[in-house]
$ cat my_file22.txt   # compact mmCIF, N, CA and C atoms
# COMPACT_ATOMS: atom_id res chain seq x y z
N MET A 1 97.01 113.17 100.77
CA MET A 1 98.14 112.32 101.11
C MET A 1 99.26 112.55 100.11
N ARG A 2 100.45 112.82 100.59
CA ARG A 2 101.63 113.04 99.74
C ARG A 2 102.38 111.70 99.62
N ILE A 3 102.58 111.25 98.38
CA ILE A 3 103.21 109.96 98.11
C ILE A 3 104.58 110.18 97.47
N PHE A 4 105.56 109.49 97.99
CA PHE A 4 106.92 109.49 97.44
C PHE A 4 107.10 108.22 96.63
N PHE A 5 107.40 108.36 95.34
CA PHE A 5 107.64 107.23 94.45
C PHE A 5 109.14 106.98 94.35
N VAL A 6 109.56 105.79 94.77
CA VAL A 6 110.97 105.40 94.75
C VAL A 6 111.14 104.37 93.64
N GLY A 7 112.03 104.66 92.70
CA GLY A 7 112.25 103.68 91.64
C GLY A 7 113.07 104.24 90.51
N ASP A 8 113.12 103.47 89.45
CA ASP A 8 113.87 103.83 88.25
C ASP A 8 112.97 104.65 87.33
N PHE A 9 113.31 105.93 87.19
CA PHE A 9 112.56 106.82 86.31
C PHE A 9 113.44 107.33 85.18
N LYS A 10 114.56 106.66 84.93
CA LYS A 10 115.52 107.15 83.95
C LYS A 10 115.84 106.16 82.84
N ASN A 11 115.93 104.87 83.19
CA ASN A 11 116.38 103.87 82.22
C ASN A 11 115.26 103.42 81.29
N ASN A 12 115.65 102.78 80.20
CA ASN A 12 114.69 102.31 79.21
C ASN A 12 114.43 100.81 79.34
N THR A 13 114.50 100.30 80.55
CA THR A 13 114.09 98.92 80.81
C THR A 13 112.56 98.91 80.90
N GLY A 14 111.96 97.74 80.93
CA GLY A 14 110.50 97.67 81.05
C GLY A 14 109.97 98.44 82.25
N PRO A 15 110.49 98.16 83.46
CA PRO A 15 110.01 98.90 84.63
C PRO A 15 110.31 100.40 84.54
N GLY A 16 111.49 100.74 84.02
CA GLY A 16 111.85 102.16 83.89
C GLY A 16 110.88 102.90 82.98
N MET A 17 110.52 102.29 81.86
CA MET A 17 109.58 102.93 80.93
C MET A 17 108.19 103.04 81.55
N ALA A 18 107.77 101.99 82.25
CA ALA A 18 106.45 102.04 82.92
C ALA A 18 106.45 103.13 83.98
N ASN A 19 107.53 103.23 84.75
CA ASN A 19 107.60 104.27 85.78
C ASN A 19 107.60 105.67 85.17
N LYS A 20 108.28 105.83 84.04
CA LYS A 20 108.28 107.14 83.36
C LYS A 20 106.87 107.50 82.91
N ALA A 21 106.11 106.52 82.45
CA ALA A 21 104.73 106.77 82.04
C ALA A 21 103.87 107.18 83.24
N ILE A 22 104.08 106.53 84.37
CA ILE A 22 103.36 106.91 85.60
C ILE A 22 103.71 108.34 85.97
N ARG A 23 104.99 108.64 85.94
CA ARG A 23 105.43 110.00 86.29
C ARG A 23 104.80 111.03 85.35
N LYS A 24 104.82 110.73 84.07
CA LYS A 24 104.24 111.65 83.09
C LYS A 24 102.75 111.89 83.38
N GLY A 25 102.05 110.82 83.76
CA GLY A 25 100.63 110.95 84.07
C GLY A 25 100.35 111.73 85.34
N LEU A 26 101.35 111.87 86.19
CA LEU A 26 101.17 112.58 87.46
C LEU A 26 101.81 113.97 87.47
N VAL A 27 102.30 114.43 86.31
CA VAL A 27 102.92 115.75 86.23
C VAL A 27 101.92 116.80 86.72
N GLY A 28 102.40 117.67 87.56
CA GLY A 28 101.56 118.75 88.07
C GLY A 28 100.82 118.40 89.35
N ASN A 29 100.79 117.13 89.71
CA ASN A 29 100.12 116.72 90.95
C ASN A 29 101.05 117.07 92.11
N LYS A 30 100.59 117.97 92.96
CA LYS A 30 101.43 118.43 94.07
C LYS A 30 101.48 117.43 95.22
N ASN A 31 100.74 116.34 95.12
CA ASN A 31 100.73 115.34 96.18
C ASN A 31 101.66 114.16 95.91
N VAL A 32 102.50 114.29 94.90
CA VAL A 32 103.47 113.23 94.60
C VAL A 32 104.86 113.83 94.45
N VAL A 33 105.83 113.04 94.80
CA VAL A 33 107.24 113.40 94.63
C VAL A 33 107.97 112.14 94.19
N PHE A 34 109.00 112.30 93.37
CA PHE A 34 109.68 111.16 92.79
C PHE A 34 111.16 111.14 93.16
N SER A 35 111.74 109.95 93.17
CA SER A 35 113.18 109.85 93.40
C SER A 35 113.92 110.29 92.15
N ASP A 36 114.95 111.09 92.36
CA ASP A 36 115.73 111.62 91.23
C ASP A 36 117.23 111.48 91.43
N ALA A 37 117.66 111.00 92.58
CA ALA A 37 119.09 110.92 92.89
C ALA A 37 119.80 109.96 91.94
N ASN A 38 121.08 110.23 91.72
CA ASN A 38 121.84 109.47 90.72
C ASN A 38 122.86 108.49 91.27
N ASN A 39 123.22 108.60 92.54
CA ASN A 39 124.21 107.66 93.07
C ASN A 39 123.76 107.17 94.45
N LYS A 40 124.46 106.19 94.98
CA LYS A 40 124.02 105.54 96.22
C LYS A 40 123.92 106.51 97.40
N LEU A 41 124.89 107.40 97.54
CA LEU A 41 124.89 108.32 98.67
C LEU A 41 123.71 109.29 98.60
N THR A 42 123.55 109.95 97.45
CA THR A 42 122.46 110.91 97.35
C THR A 42 121.10 110.21 97.37
N ARG A 43 121.04 109.01 96.83
CA ARG A 43 119.79 108.24 96.86
C ARG A 43 119.41 107.86 98.29
N THR A 44 120.40 107.48 99.09
CA THR A 44 120.14 107.15 100.49
C THR A 44 119.62 108.37 101.25
N LEU A 45 120.29 109.50 101.08
CA LEU A 45 119.84 110.73 101.73
C LEU A 45 118.45 111.14 101.26
N GLU A 46 118.23 111.04 99.95
CA GLU A 46 116.94 111.39 99.37
C GLU A 46 115.83 110.53 99.96
N ILE A 47 116.07 109.24 100.09
CA ILE A 47 115.05 108.34 100.63
C ILE A 47 114.65 108.76 102.03
N VAL A 48 115.63 109.03 102.88
CA VAL A 48 115.32 109.42 104.26
C VAL A 48 114.54 110.73 104.30
N VAL A 49 115.02 111.74 103.59
CA VAL A 49 114.38 113.07 103.63
C VAL A 49 112.98 113.03 103.01
N LYS A 50 112.85 112.44 101.84
CA LYS A 50 111.55 112.45 101.17
C LYS A 50 110.52 111.56 101.86
N ILE A 51 110.95 110.49 102.51
CA ILE A 51 110.01 109.69 103.29
C ILE A 51 109.55 110.50 104.49
N LEU A 52 110.47 111.20 105.11
CA LEU A 52 110.14 112.05 106.26
C LEU A 52 109.08 113.09 105.89
N LEU A 53 109.16 113.62 104.67
CA LEU A 53 108.25 114.68 104.22
C LEU A 53 106.99 114.17 103.54
N SER A 54 106.84 112.85 103.45
CA SER A 54 105.68 112.26 102.77
C SER A 54 104.80 111.50 103.75
N ASP A 55 103.58 111.21 103.29
CA ASP A 55 102.65 110.41 104.09
C ASP A 55 102.77 108.92 103.76
N GLY A 56 103.25 108.63 102.55
CA GLY A 56 103.37 107.25 102.12
C GLY A 56 104.46 107.12 101.07
N VAL A 57 104.89 105.86 100.86
CA VAL A 57 105.96 105.58 99.91
C VAL A 57 105.52 104.46 98.99
N CYS A 58 105.70 104.66 97.70
CA CYS A 58 105.44 103.61 96.72
C CYS A 58 106.77 103.21 96.10
N PHE A 59 107.18 101.97 96.38
CA PHE A 59 108.41 101.43 95.80
C PHE A 59 108.04 100.81 94.46
N CYS A 60 108.64 101.33 93.39
CA CYS A 60 108.19 100.89 92.07
C CYS A 60 109.33 100.40 91.18
N SER A 61 110.34 99.85 91.82
CA SER A 61 111.42 99.17 91.11
C SER A 61 112.00 98.12 92.04
N PHE A 62 112.58 97.09 91.47
CA PHE A 62 113.20 96.02 92.24
C PHE A 62 114.62 96.46 92.56
N SER A 63 114.83 96.97 93.77
CA SER A 63 116.13 97.49 94.16
C SER A 63 116.38 97.20 95.63
N LYS A 64 117.61 96.91 95.98
CA LYS A 64 117.95 96.62 97.37
C LYS A 64 117.77 97.84 98.26
N ILE A 65 117.79 99.04 97.69
CA ILE A 65 117.60 100.25 98.51
C ILE A 65 116.19 100.30 99.10
N ASN A 66 115.29 99.51 98.52
CA ASN A 66 113.92 99.46 99.06
C ASN A 66 113.91 98.97 100.50
N ILE A 67 114.85 98.11 100.86
CA ILE A 67 114.91 97.61 102.24
C ILE A 67 115.13 98.78 103.20
N LEU A 68 116.06 99.66 102.86
CA LEU A 68 116.28 100.85 103.69
C LEU A 68 115.00 101.69 103.75
N GLY A 69 114.40 101.91 102.58
CA GLY A 69 113.17 102.71 102.53
C GLY A 69 112.04 102.13 103.35
N ILE A 70 111.88 100.83 103.29
CA ILE A 70 110.82 100.16 104.07
C ILE A 70 111.09 100.30 105.55
N LYS A 71 112.35 100.17 105.96
CA LYS A 71 112.69 100.32 107.38
C LYS A 71 112.48 101.75 107.86
N VAL A 72 112.90 102.72 107.07
CA VAL A 72 112.70 104.12 107.44
C VAL A 72 111.21 104.44 107.52
N ALA A 73 110.46 104.01 106.52
CA ALA A 73 109.01 104.26 106.51
C ALA A 73 108.34 103.60 107.71
N GLY A 74 108.74 102.40 108.04
CA GLY A 74 108.17 101.71 109.20
C GLY A 74 108.48 102.45 110.48
N PHE A 75 109.72 102.91 110.65
CA PHE A 75 110.13 103.65 111.83
C PHE A 75 109.33 104.94 111.97
N LEU A 76 109.01 105.57 110.83
CA LEU A 76 108.27 106.84 110.84
C LEU A 76 106.76 106.66 110.70
N ASN A 77 106.30 105.42 110.74
CA ASN A 77 104.86 105.11 110.62
C ASN A 77 104.24 105.63 109.33
N LYS A 78 104.93 105.47 108.23
CA LYS A 78 104.43 105.90 106.92
C LYS A 78 103.82 104.69 106.21
N LYS A 79 102.81 104.94 105.41
CA LYS A 79 102.19 103.89 104.58
C LYS A 79 103.19 103.45 103.51
N THR A 80 103.17 102.15 103.20
CA THR A 80 104.09 101.63 102.19
C THR A 80 103.35 100.79 101.16
N PHE A 81 103.77 100.93 99.91
CA PHE A 81 103.17 100.23 98.79
C PHE A 81 104.29 99.72 97.88
N TYR A 82 104.00 98.68 97.12
CA TYR A 82 104.97 98.16 96.15
C TYR A 82 104.27 97.96 94.83
N LEU A 83 104.76 98.64 93.81
CA LEU A 83 104.27 98.46 92.44
C LEU A 83 105.13 97.38 91.81
N MET A 84 104.56 96.21 91.63
CA MET A 84 105.30 95.04 91.18
C MET A 84 105.23 94.90 89.67
N HIS A 85 106.36 95.09 89.04
CA HIS A 85 106.45 94.99 87.58
C HIS A 85 106.62 93.56 87.11
N GLY A 86 107.19 92.72 87.97
CA GLY A 86 107.45 91.34 87.60
C GLY A 86 107.84 90.53 88.82
N TYR A 87 107.86 89.24 88.66
CA TYR A 87 108.21 88.32 89.73
C TYR A 87 109.67 87.91 89.53
N SER A 88 110.57 88.61 90.17
CA SER A 88 112.00 88.46 89.91
C SER A 88 112.53 87.06 90.18
N THR A 89 111.97 86.37 91.18
CA THR A 89 112.42 85.01 91.46
C THR A 89 112.24 84.13 90.23
N LEU A 90 111.08 84.17 89.63
CA LEU A 90 110.79 83.36 88.44
C LEU A 90 111.54 83.88 87.22
N GLU A 91 111.52 85.19 87.02
CA GLU A 91 112.15 85.77 85.84
C GLU A 91 113.66 85.52 85.82
N SER A 92 114.28 85.52 86.99
CA SER A 92 115.71 85.24 87.05
C SER A 92 116.02 83.83 86.60
N LYS A 93 115.16 82.88 86.95
CA LYS A 93 115.35 81.49 86.51
C LYS A 93 115.18 81.37 85.00
N ILE A 94 114.20 82.06 84.47
CA ILE A 94 113.91 81.96 83.03
C ILE A 94 114.97 82.67 82.20
N ASN A 95 115.37 83.87 82.63
CA ASN A 95 116.26 84.71 81.82
C ASN A 95 117.75 84.44 82.00
N ASN A 96 118.11 83.70 83.05
CA ASN A 96 119.52 83.45 83.30
C ASN A 96 119.71 81.97 83.63
N LYS A 97 120.03 81.20 82.63
CA LYS A 97 120.18 79.75 82.81
C LYS A 97 121.35 79.39 83.72
N ASN A 98 122.30 80.32 83.90
CA ASN A 98 123.49 80.05 84.72
C ASN A 98 123.34 80.51 86.17
N ILE A 99 122.18 80.99 86.54
CA ILE A 99 121.99 81.49 87.90
C ILE A 99 122.05 80.32 88.89
N THR A 100 122.66 80.56 90.02
CA THR A 100 122.81 79.51 91.02
C THR A 100 121.59 79.47 91.95
N ASP A 101 121.44 78.37 92.63
CA ASP A 101 120.35 78.25 93.61
C ASP A 101 120.51 79.28 94.73
N ASP A 102 121.75 79.56 95.13
CA ASP A 102 121.99 80.57 96.17
C ASP A 102 121.51 81.96 95.71
N GLN A 103 121.77 82.29 94.45
CA GLN A 103 121.33 83.58 93.92
C GLN A 103 119.81 83.66 93.88
N ILE A 104 119.18 82.57 93.47
CA ILE A 104 117.71 82.53 93.43
C ILE A 104 117.15 82.68 94.84
N MET A 105 117.77 82.02 95.81
CA MET A 105 117.30 82.10 97.20
C MET A 105 117.41 83.53 97.73
N LYS A 106 118.48 84.25 97.36
CA LYS A 106 118.64 85.65 97.80
C LYS A 106 117.56 86.54 97.19
N ILE A 107 117.29 86.35 95.92
CA ILE A 107 116.24 87.13 95.25
C ILE A 107 114.89 86.84 95.89
N ASN A 108 114.62 85.56 96.12
CA ASN A 108 113.35 85.16 96.73
C ASN A 108 113.21 85.71 98.14
N LYS A 109 114.28 85.69 98.91
CA LYS A 109 114.27 86.22 100.27
C LYS A 109 113.95 87.72 100.25
N TYR A 110 114.57 88.42 99.32
CA TYR A 110 114.33 89.86 99.17
C TYR A 110 112.87 90.13 98.80
N GLU A 111 112.34 89.38 97.83
CA GLU A 111 110.93 89.57 97.44
C GLU A 111 109.99 89.28 98.61
N LYS A 112 110.26 88.22 99.34
CA LYS A 112 109.41 87.90 100.50
C LYS A 112 109.47 89.01 101.54
N TYR A 113 110.65 89.60 101.71
CA TYR A 113 110.77 90.72 102.65
C TYR A 113 109.83 91.86 102.25
N ILE A 114 109.84 92.17 100.96
CA ILE A 114 108.95 93.24 100.48
C ILE A 114 107.49 92.88 100.74
N PHE A 115 107.09 91.68 100.34
CA PHE A 115 105.70 91.26 100.51
C PHE A 115 105.25 91.35 101.96
N ARG A 116 106.12 90.99 102.88
CA ARG A 116 105.76 90.96 104.30
C ARG A 116 105.80 92.33 104.96
N ASN A 117 106.48 93.30 104.33
CA ASN A 117 106.72 94.56 105.01
C ASN A 117 106.12 95.79 104.34
N VAL A 118 105.36 95.61 103.27
CA VAL A 118 104.60 96.73 102.72
C VAL A 118 103.12 96.46 102.96
N GLU A 119 102.36 97.52 102.97
CA GLU A 119 100.94 97.37 103.27
C GLU A 119 100.12 96.87 102.10
N CYS A 120 100.59 97.18 100.89
CA CYS A 120 99.81 96.77 99.72
C CYS A 120 100.75 96.58 98.53
N VAL A 121 100.51 95.52 97.77
CA VAL A 121 101.26 95.25 96.55
C VAL A 121 100.31 95.45 95.38
N PHE A 122 100.73 96.26 94.42
CA PHE A 122 99.97 96.49 93.20
C PHE A 122 100.72 95.82 92.05
N CYS A 123 100.05 94.98 91.31
CA CYS A 123 100.64 94.35 90.13
C CYS A 123 100.34 95.21 88.91
N VAL A 124 101.23 95.19 87.92
CA VAL A 124 101.09 96.08 86.77
C VAL A 124 99.97 95.68 85.81
N SER A 125 99.46 94.48 85.95
CA SER A 125 98.36 94.09 85.07
C SER A 125 97.46 93.11 85.81
N GLU A 126 96.25 92.97 85.31
CA GLU A 126 95.31 92.02 85.92
C GLU A 126 95.79 90.59 85.72
N ALA A 127 96.34 90.29 84.56
CA ALA A 127 96.85 88.93 84.30
C ALA A 127 97.98 88.59 85.28
N PHE A 128 98.87 89.54 85.50
CA PHE A 128 99.97 89.32 86.43
C PHE A 128 99.43 89.17 87.86
N MET A 129 98.47 89.97 88.22
CA MET A 129 97.84 89.86 89.53
C MET A 129 97.24 88.47 89.74
N ASN A 130 96.53 88.00 88.73
CA ASN A 130 95.93 86.66 88.83
C ASN A 130 97.01 85.59 88.98
N TYR A 131 98.13 85.73 88.27
CA TYR A 131 99.22 84.77 88.40
C TYR A 131 99.77 84.79 89.82
N MET A 132 99.99 85.98 90.36
CA MET A 132 100.59 86.11 91.68
C MET A 132 99.66 85.61 92.79
N GLU A 133 98.36 85.74 92.58
CA GLU A 133 97.41 85.25 93.60
C GLU A 133 97.52 83.76 93.71
$ encode --input "my_file22.txt" --output "structure tokens"
Amino acid sequence: MRIFFVGDFKNNTGPGMANKAIRKGLVGNKNVVFSDANNKLTRTLEIVVKILLSDGVCFCSFSKINILGIKVAGFLNKKTFYLMHGYSTLESKINNKNITDDQIMKINKYEKYIFRNVECVFCVSEAFMNYME
């Protein structure tokens, strides 16, 4: 099975560093391909083409482009997975005291969309998995 990993593999944020470690661990594996595009246009094209050429997609960053990827994968009958680094609805409340209820509702709606439209969610740790359950 060829898996396309969509996410942040460049930045030094927590998820970006975790994704870089995953990528490093999979170097040389011919059954994986990673997103590398740098802007919205090339990223959109990359998502369509690489999903078309893959058997499954693992979304491993919290990004609105995942909605497009999930829709394309669904249309093409591809397996979908989500590597969950954190619970953005809760983290947004904790890390941003000025966030509005409308902003929280949008984040929550987006997370629920992912949960309902991917086949499997993987949490980055057992403790986080237990919290989410």
$ atom_distance --input "my_file22.txt" --atom1 "atom CA of Cys60 of chain A" --atom2 "atom CA of Leu83 of chain A"
4.6 Å
$ closest_residue --input "my_file22.txt" --among "A:Gly7, A:Gly14, A:Gly25, A:Gly86" --to "Val57 of chain A" --atoms "only C-alpha atoms"
A:Gly7
$ closest_residue --input "my_file22.txt" --among "A:Lys30, A:Lys79, A:Lys50, A:Arg43" --to "Ser63 of chain A" --atoms "only C-alpha atoms"
A:Arg43
$ select_by_dssp --input "my_file22.txt" --residues "chain A" --states "strand (DSSP E)" --output "ChimeraX atom specification"
/A:3-6,32-34,56-59,79-84,120-123
$ atom_distance --input "my_file22.txt" --atom1 "atom C of Phe5 of chain A" --atom2 "atom CA of Met132 of chain A"
22.7 Å
$ atom_distance --input "my_file22.txt" --atom1 "atom C of Val6 of chain A" --atom2 "atom CA of Asn66 of chain A"
7.8 Å
$ residues_around --input "my_file22.txt" --residues "Phe59 of chain A" --least-positions-apart "4" --cutoff "12 Å" --atoms "only C-alpha atoms" --output "ChimeraX atom specification"
/A:3-9,15,19,34-35,47,51,63-70,73,79-85,114-115,117-123
$ decode --input "my_file22.txt" --residues "segment 23-34 of chain A" --atoms "all heavy atoms" --output "PDB file, in the first residue's frame"
ATOM      1  N   ARG A  23       9.071  11.293   8.989  1.00  0.00           N
ATOM      2  CA  ARG A  23       9.650  11.254   7.643  1.00  0.00           C
ATOM      3  C   ARG A  23      11.055  10.639   7.673  1.00  0.00           C
ATOM      4  O   ARG A  23      11.388   9.808   6.823  1.00  0.00           O
ATOM      5  CB  ARG A  23       9.689  12.662   7.058  1.00  0.00           C
ATOM      6  CG  ARG A  23      10.163  12.707   5.635  1.00  0.00           C
ATOM      7  CD  ARG A  23      10.128  14.117   5.068  1.00  0.00           C
ATOM      8  NE  ARG A  23      10.310  14.051   3.639  1.00  0.00           N
ATOM      9  CZ  ARG A  23       9.806  14.921   2.801  1.00  0.00           C
ATOM     10  NH1 ARG A  23       9.084  15.929   3.242  1.00  0.00           N
ATOM     11  NH2 ARG A  23      10.031  14.809   1.518  1.00  0.00           N
ATOM     12  N   LYS A  24      11.842  11.066   8.637  1.00  0.00           N
ATOM     13  CA  LYS A  24      13.208  10.539   8.758  1.00  0.00           C
ATOM     14  C   LYS A  24      13.189   9.025   8.971  1.00  0.00           C
ATOM     15  O   LYS A  24      14.001   8.291   8.414  1.00  0.00           O
ATOM     16  CB  LYS A  24      13.933  11.230   9.922  1.00  0.00           C
ATOM     17  CG  LYS A  24      15.385  10.853  10.055  1.00  0.00           C
ATOM     18  CD  LYS A  24      16.050  11.640  11.176  1.00  0.00           C
ATOM     19  CE  LYS A  24      17.493  11.223  11.323  1.00  0.00           C
ATOM     20  NZ  LYS A  24      18.144  11.919  12.446  1.00  0.00           N
ATOM     21  N   GLY A  25      12.237   8.558   9.773  1.00  0.00           N
ATOM     22  CA  GLY A  25      12.127   7.121  10.026  1.00  0.00           C
ATOM     23  C   GLY A  25      11.667   6.321   8.824  1.00  0.00           C
ATOM     24  O   GLY A  25      11.856   5.112   8.774  1.00  0.00           O
ATOM     25  N   LEU A  26      11.066   6.996   7.853  1.00  0.00           N
ATOM     26  CA  LEU A  26      10.554   6.305   6.669  1.00  0.00           C
ATOM     27  C   LEU A  26      11.407   6.535   5.420  1.00  0.00           C
ATOM     28  O   LEU A  26      11.013   6.137   4.324  1.00  0.00           O
ATOM     29  CB  LEU A  26       9.102   6.734   6.401  1.00  0.00           C
ATOM     30  CG  LEU A  26       8.092   6.288   7.449  1.00  0.00           C
ATOM     31  CD1 LEU A  26       6.743   6.957   7.223  1.00  0.00           C
ATOM     32  CD2 LEU A  26       7.950   4.771   7.457  1.00  0.00           C
ATOM     33  N   VAL A  27      12.570   7.174   5.585  1.00  0.00           N
ATOM     34  CA  VAL A  27      13.462   7.419   4.455  1.00  0.00           C
ATOM     35  C   VAL A  27      13.790   6.088   3.777  1.00  0.00           C
ATOM     36  O   VAL A  27      14.109   5.100   4.434  1.00  0.00           O
ATOM     37  CB  VAL A  27      14.761   8.131   4.915  1.00  0.00           C
ATOM     38  CG1 VAL A  27      15.830   8.079   3.838  1.00  0.00           C
ATOM     39  CG2 VAL A  27      14.475   9.552   5.314  1.00  0.00           C
ATOM     40  N   GLY A  28      13.689   6.082   2.477  1.00  0.00           N
ATOM     41  CA  GLY A  28      14.006   4.885   1.709  1.00  0.00           C
ATOM     42  C   GLY A  28      12.832   3.951   1.485  1.00  0.00           C
ATOM     43  O   GLY A  28      12.904   3.046   0.668  1.00  0.00           O
ATOM     44  N   ASN A  29      11.740   4.165   2.206  1.00  0.00           N
ATOM     45  CA  ASN A  29      10.553   3.332   2.019  1.00  0.00           C
ATOM     46  C   ASN A  29       9.850   3.793   0.754  1.00  0.00           C
ATOM     47  O   ASN A  29       9.366   4.914   0.673  1.00  0.00           O
ATOM     48  CB  ASN A  29       9.635   3.451   3.236  1.00  0.00           C
ATOM     49  CG  ASN A  29       8.462   2.502   3.172  1.00  0.00           C
ATOM     50  OD1 ASN A  29       7.941   2.199   2.105  1.00  0.00           O
ATOM     51  ND2 ASN A  29       8.029   2.031   4.330  1.00  0.00           N
ATOM     52  N   LYS A  30       9.789   2.914  -0.226  1.00  0.00           N
ATOM     53  CA  LYS A  30       9.204   3.276  -1.520  1.00  0.00           C
ATOM     54  C   LYS A  30       7.677   3.291  -1.491  1.00  0.00           C
ATOM     55  O   LYS A  30       7.038   3.655  -2.472  1.00  0.00           O
ATOM     56  CB  LYS A  30       9.702   2.324  -2.593  1.00  0.00           C
ATOM     57  CG  LYS A  30      11.191   2.450  -2.846  1.00  0.00           C
ATOM     58  CD  LYS A  30      11.625   1.522  -3.944  1.00  0.00           C
ATOM     59  CE  LYS A  30      13.084   1.387  -4.186  1.00  0.00           C
ATOM     60  NZ  LYS A  30      14.016   2.332  -3.899  1.00  0.00           N
ATOM     61  N   ASN A  31       7.084   2.917  -0.374  1.00  0.00           N
ATOM     62  CA  ASN A  31       5.629   2.892  -0.255  1.00  0.00           C
ATOM     63  C   ASN A  31       5.056   4.140   0.405  1.00  0.00           C
ATOM     64  O   ASN A  31       3.879   4.167   0.743  1.00  0.00           O
ATOM     65  CB  ASN A  31       5.178   1.652   0.534  1.00  0.00           C
ATOM     66  CG  ASN A  31       5.441   0.392  -0.241  1.00  0.00           C
ATOM     67  OD1 ASN A  31       5.208   0.339  -1.439  1.00  0.00           O
ATOM     68  ND2 ASN A  31       5.953  -0.620   0.434  1.00  0.00           N
ATOM     69  N   VAL A  32       5.883   5.153   0.591  1.00  0.00           N
ATOM     70  CA  VAL A  32       5.402   6.404   1.177  1.00  0.00           C
ATOM     71  C   VAL A  32       5.855   7.577   0.314  1.00  0.00           C
ATOM     72  O   VAL A  32       6.906   7.536  -0.327  1.00  0.00           O
ATOM     73  CB  VAL A  32       5.873   6.605   2.635  1.00  0.00           C
ATOM     74  CG1 VAL A  32       5.307   5.545   3.551  1.00  0.00           C
ATOM     75  CG2 VAL A  32       7.373   6.661   2.732  1.00  0.00           C
ATOM     76  N   VAL A  33       5.045   8.602   0.323  1.00  0.00           N
ATOM     77  CA  VAL A  33       5.361   9.854  -0.361  1.00  0.00           C
ATOM     78  C   VAL A  33       4.860  10.985   0.537  1.00  0.00           C
ATOM     79  O   VAL A  33       3.882  10.805   1.261  1.00  0.00           O
ATOM     80  CB  VAL A  33       4.749   9.894  -1.782  1.00  0.00           C
ATOM     81  CG1 VAL A  33       3.249   9.856  -1.737  1.00  0.00           C
ATOM     82  CG2 VAL A  33       5.248  11.072  -2.572  1.00  0.00           C
ATOM     83  N   PHE A  34       5.565  12.107   0.523  1.00  0.00           N
ATOM     84  CA  PHE A  34       5.258  13.198   1.435  1.00  0.00           C
ATOM     85  C   PHE A  34       4.907  14.473   0.678  1.00  0.00           C
ATOM     86  O   PHE A  34       5.358  14.684  -0.442  1.00  0.00           O
ATOM     87  CB  PHE A  34       6.467  13.489   2.340  1.00  0.00           C
ATOM     88  CG  PHE A  34       6.792  12.351   3.251  1.00  0.00           C
ATOM     89  CD1 PHE A  34       7.661  11.350   2.859  1.00  0.00           C
ATOM     90  CD2 PHE A  34       6.212  12.273   4.511  1.00  0.00           C
ATOM     91  CE1 PHE A  34       7.954  10.293   3.697  1.00  0.00           C
ATOM     92  CE2 PHE A  34       6.497  11.222   5.353  1.00  0.00           C
ATOM     93  CZ  PHE A  34       7.369  10.224   4.948  1.00  0.00           C
TER      94      PHE A  34
END
